[in-house]
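Peer 1: Following this message is one structure expressed as structure tokens.
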Amino acid sequence: MAGIIAGIAVAAVLFVIVVFKAMWRVAEPNEALIISGLREQDTPDGVGESLGFKIVTGKGTLVLPGVQQVRRLSLDLREAELAIDCVTHQGIPLGIRGVVIFKVGDDFVSIANAARRFLDQQDQMEARVHNVFAGHLRAIVGNMTVEEMIRDREKLTQLTRESSGVEMEKLGLIVDSLQIQEIEDPTGYIQNLGRPHAAAVASQARIAQAHADREATENEQAAEALKAYAVRDSSIKQSGYQAERDEAQARAMQAGPLADATARQEVVVQETKVAELEAHREEQRLQATVRKPADAKAYEQVTLSRAERDARIAQAEAQKQEVELQAAGNAQRVKLEADAEAERVRVQAAAEAEHVRLEFAARAESVKAVGEAEAAATQAKGLAEGEAVRAKGMAEAQAIKARADALAENQDAVIGQQLAENWPAIVEAAAKPFGGIDQMIVLNGAQGLSEALAQALSQGVAGLQLARSLLSGAKGNGGTNGPAEEPSIPPASTS
């Protein structure tokens, strides 16, 4: 019996242990337990209101199986690679390469925010963080120049962290490190910025090397000169010693008559040697003082000229590339403006064409109506004018016919009427010659004047008679009436 009780007790203890192990959950140092299922009434430290779930970090807790559910949120460091294409304030495209090291915050607020957003999507944290930093990084780079980013890369990092801090806090994440590793320059703008400085440094290096070479050459020439001086002195001394030995030997062998010749020969030899030594010394002096410095000066000038030429070439290449970039940008802008202007002109031309077509149609209708009205009016006017001309012609024809009939029946009366009607003009024409006389002297007084007037009037009467005879002749040819009587002309007054 005691054994059964002991077995039951052991089984009960084992059951309790198994149940406890099944219900007990321990949070690792690098993770947080998110327990949901029973509403949590206690508010964690730093949280303003109840979360509705329980957060456990760094300790163990009991979980009711089947009632509560436990999920783990990793608090490990995570790394998001940044590979973003941006455009600077100058319009220059750049590629920003960097890395963001982040993690879920250690406080309960950050853990709660991260749990709500990433508990089932913890493997997508890197992509979300990359998107957040990509947007802010593009906005910040768009307000900076390439020179600012190169000189102060820390400013770019700081601005990016500050601008993305609010979004990261809402996500429950904190940034441990943000590093801009590389700024890629596909257009070569950064390389072109460094070329003038590199060219200047290279020029200074070549100038320094030229100065060093010149100093080394001068030192080598000085050493060679000293060596030549030593060789010359040694040769002179050896020659002197040899001369002394030869002199002693000659004096011993040829004493007497050759003494004078030897002495003269010695003088000549010594003078020749002196002259040669002086010429050699002058040559060495000219080499050291004139030719070598001139060569060094020429070498220095050539080196400086080459350095300046290389610097100008580098600067010209940089300016050329800058002008090409500006020309490409201007060409693109002009092309876009030309396309927009062409589209505007095309639309405007279509509208104007439609307007002209409608206006032309209206004008055509109006011109047609006006033309028809004017044609009807012209036709009526022509008919009226034709009728008037016809009536006038008929009236004139009838008048001519009546006059011809009257002339045929009573020619003398018609001629007399016409002469009477034109008599004042005839007398005026006959007296017209007297109008041009300023002073006239008549010899026989009033009788002479009367005779002159009578003669003038007689010329007019003669003309009338001629006309009358012609008319009478025409009548005689066409009628049976006799000659008409001449009209009586009143005598001229003598008063």
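As shown in the structure tokens, the chain order sets the letters A, B, ...; within each chain, residues go from 1, and ligands are also counted from 1 in the order they appear.
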Pick out the residues sitting within 12 Å of Leu178 of chain A, and hand them over as a PyMOL selection string; count only C-alpha atoms, and ignore anything fewer than 2 positions along from it in its own chain.
Peer 2: chain A and resi 78-82+97-102+129-130+133+137+153-162+164-165+174-176+180-181
Peer 1: Let me make sure I understand: among A:Lys392, A:Arg251, A:Lys103, A:His89, which one has the smallest atom-to-atom distance to Leu75 of chain A if we use only C-alpha atoms?
Peer 2: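 Looking only at the distances to Leu75 of chain A, the closest residue turns out to be A:Lys103.
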Peer 1: Would you mind telling me which residue in A:Val268, A:Ser163, A:Glu324, A:Thr289 lies nearest to Ile140 of chain A when using only C-alpha atoms?
Peer 2: A:Ser163
Peer 1: Would you kindly return, as an MDAnalysis selection string, each protein, DNA or RNA residue with an atom no farther than 8 Å from any atom of Arg206 of chain A, considering only C-alpha atoms and excluding same-chain residues fewer than 3 positions away?
Peer 2: chainID A and resid 202:203 209:210 303 307
Peer 1: Would you list the contacts of Val141 of chain A as a ChimeraX atom specification, taking every protein, DNA or RNA residue within 9 Å and counting only C-alpha atoms, but skipping same-chain residues closer than 3 positions in sequence?
Peer 2: /A:86-89,136-138,144-146,149,156
Peer 1: What's the separation between atom CA of Lys59 of chain A and atom CA of Asp120 of chain A, in Å to one decimal place?
Peer 2: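 Atom CA of Lys59 of chain A sits 22.5 Å away from atom CA of Asp120 of chain A.
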Peer 1: DSSP on the backbone: what in segment 61-286 of chain A comes out strand (DSSP E), as a ChimeraX atom specification?
Peer 2: /A:61-62,69-74,78-87,93-104,173-184
Peer 1: Which polymer residues have any atom within 7 Å of an atom of Gly58 of chain A, counting only C-alpha atoms, with same-chain residues fewer than 4 positions away left out, as a PyMOL selection string?
Peer 2: chain A and resi 27-29
Peer 1: Would you tabulate, counting only C-alpha atoms, all residues of segment 290-382 of chain A that have an atom at most 12 Å from an atom of segment 185-201 of chain A, showing the closest pair of atoms and their distance in Å to one decimal, sorted by chain then ascending number, as a Markdown table?
Peer 2:
| residue | atom | partner | partner_atom | distance |
| --- | --- | --- | --- | --- |
| A:Leu304 | CA | A:Ala200 | CA | 12.0 |
| A:Arg306 | CA | A:Ala199 | CA | 11.8 |
| A:Ala307 | CA | A:Ala200 | CA | 8.5 |
| A:Glu308 | CA | A:Ala200 | CA | 8.9 |
| A:Arg309 | CA | A:Ala199 | CA | 10.3 |
| A:Asp310 | CA | A:Ala199 | CA | 7.3 |
| A:Ala311 | CA | A:Ala199 | CA | 5.5 |
| A:Arg312 | CA | A:Ala199 | CA | 8.9 |
| A:Ile313 | CA | A:Ala199 | CA | 9.3 |
| A:Ala314 | CA | A:Pro196 | CA | 6.5 |
| A:Gln315 | CA | A:Pro196 | CA | 6.1 |
| A:Ala316 | CA | A:Pro196 | CA | 9.7 |
| A:Glu317 | CA | A:Asn192 | CA | 8.7 |
| A:Ala318 | CA | A:Asn192 | CA | 5.9 |
| A:Gln319 | CA | A:Asn192 | CA | 9.1 |
| A:Lys320 | CA | A:Asn192 | CA | 10.5 |
| A:Gln321 | CA | A:Asn192 | CA | 8.3 |
| A:Glu322 | CA | A:Tyr189 | CA | 8.5 |
| A:Glu324 | CA | A:Thr187 | CA | 11.4 |
| A:Leu325 | CA | A:Thr187 | CA | 8.9 |
Peer 1: In Å, with one decimal, what is the gap from atom CA of Lys297 of chain A to atom CA of Arg214 of chain A?
Peer 2: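 Pair atom CA of Lys297 of chain A / atom CA of Arg214 of chain A returns 8.7 Å.
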Peer 1: At what distance in Å, to one decimal, does atom CA of Leu277 of chain A lie from atom CA of Lys237 of chain A?
Peer 2: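 Between these atoms lies a distance of 12.6 Å.
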Peer 1: Measuring atom to atom with only C-alpha atoms, identify which of A:Val109, A:Ala288, A:Ala353, A:Leu77 is nearest to Glu224 of chain A.
Peer 2: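 Of A:Val109, A:Ala288, A:Ala353, A:Leu77, the one nearest Glu224 of chain A, counting only C-alpha atoms, is A:Ala288.
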Peer 1: Hey, which of A:Leu171, A:Ile207, A:Asp405, A:Leu14 ends up closest to Glu300 of chain A? Count only C-alpha atoms.
Peer 2: A:Ile207
Peer 1: Near Lys54 of chain A, within 8 Å and counting only C-alpha atoms, which residues show up once chain neighbours fewer than 4 positions away are dropped, as a PDB file with N, CA, C and O atoms, in the first residue's frame?
Peer 2:
ATOM      1  N   LEU A  33       9.164  37.895 -25.712  1.00  0.00           N
ATOM      2  CA  LEU A  33       8.007  37.038 -25.871  1.00  0.00           C
ATOM      3  C   LEU A  33       6.757  37.904 -25.977  1.00  0.00           C
ATOM      4  O   LEU A  33       6.516  38.790 -25.139  1.00  0.00           O
ATOM      5  N   ILE A  34       5.966  37.656 -27.000  1.00  0.00           N
ATOM      6  CA  ILE A  34       4.704  38.363 -27.197  1.00  0.00           C
ATOM      7  C   ILE A  34       3.598  37.348 -26.914  1.00  0.00           C
ATOM      8  O   ILE A  34       3.404  36.390 -27.675  1.00  0.00           O
ATOM      9  N   ILE A  35       2.893  37.540 -25.793  1.00  0.00           N
ATOM     10  CA  ILE A  35       1.880  36.587 -25.327  1.00  0.00           C
ATOM     11  C   ILE A  35       0.517  37.230 -25.514  1.00  0.00           C
ATOM     12  O   ILE A  35       0.244  38.306 -24.975  1.00  0.00           O
ATOM     13  N   SER A  36      -0.318  36.579 -26.260  1.00  0.00           N
ATOM     14  CA  SER A  36      -1.665  37.078 -26.502  1.00  0.00           C
ATOM     15  C   SER A  36      -2.660  35.976 -26.193  1.00  0.00           C
ATOM     16  O   SER A  36      -2.317  34.804 -26.139  1.00  0.00           O
ATOM     17  N   GLU A  40      -4.253  41.606 -21.090  1.00  0.00           N
ATOM     18  CA  GLU A  40      -3.315  41.968 -20.027  1.00  0.00           C
ATOM     19  C   GLU A  40      -3.780  43.270 -19.388  1.00  0.00           C
ATOM     20  O   GLU A  40      -3.943  44.295 -20.050  1.00  0.00           O
TER      21      GLU A  40
END
Peer 1: In terms of the shortest atom-to-atom distance over only C-alpha atoms, which of A:His211, A:Glu372, A:Ala230, A:Ala402 is closest to Gln301 of chain A?
Peer 2: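 Result for the nearest residue to Gln301 of chain A: A:His211.
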Peer 1: Using only C-alpha atoms, which of the listed residues (A:Leu358, A:Ala397, A:Ala222, A:Ala12) sits closest to Pro293 of chain A?
Peer 2: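 Using only C-alpha atoms, the shortest distance to Pro293 of chain A belongs to A:Ala222.
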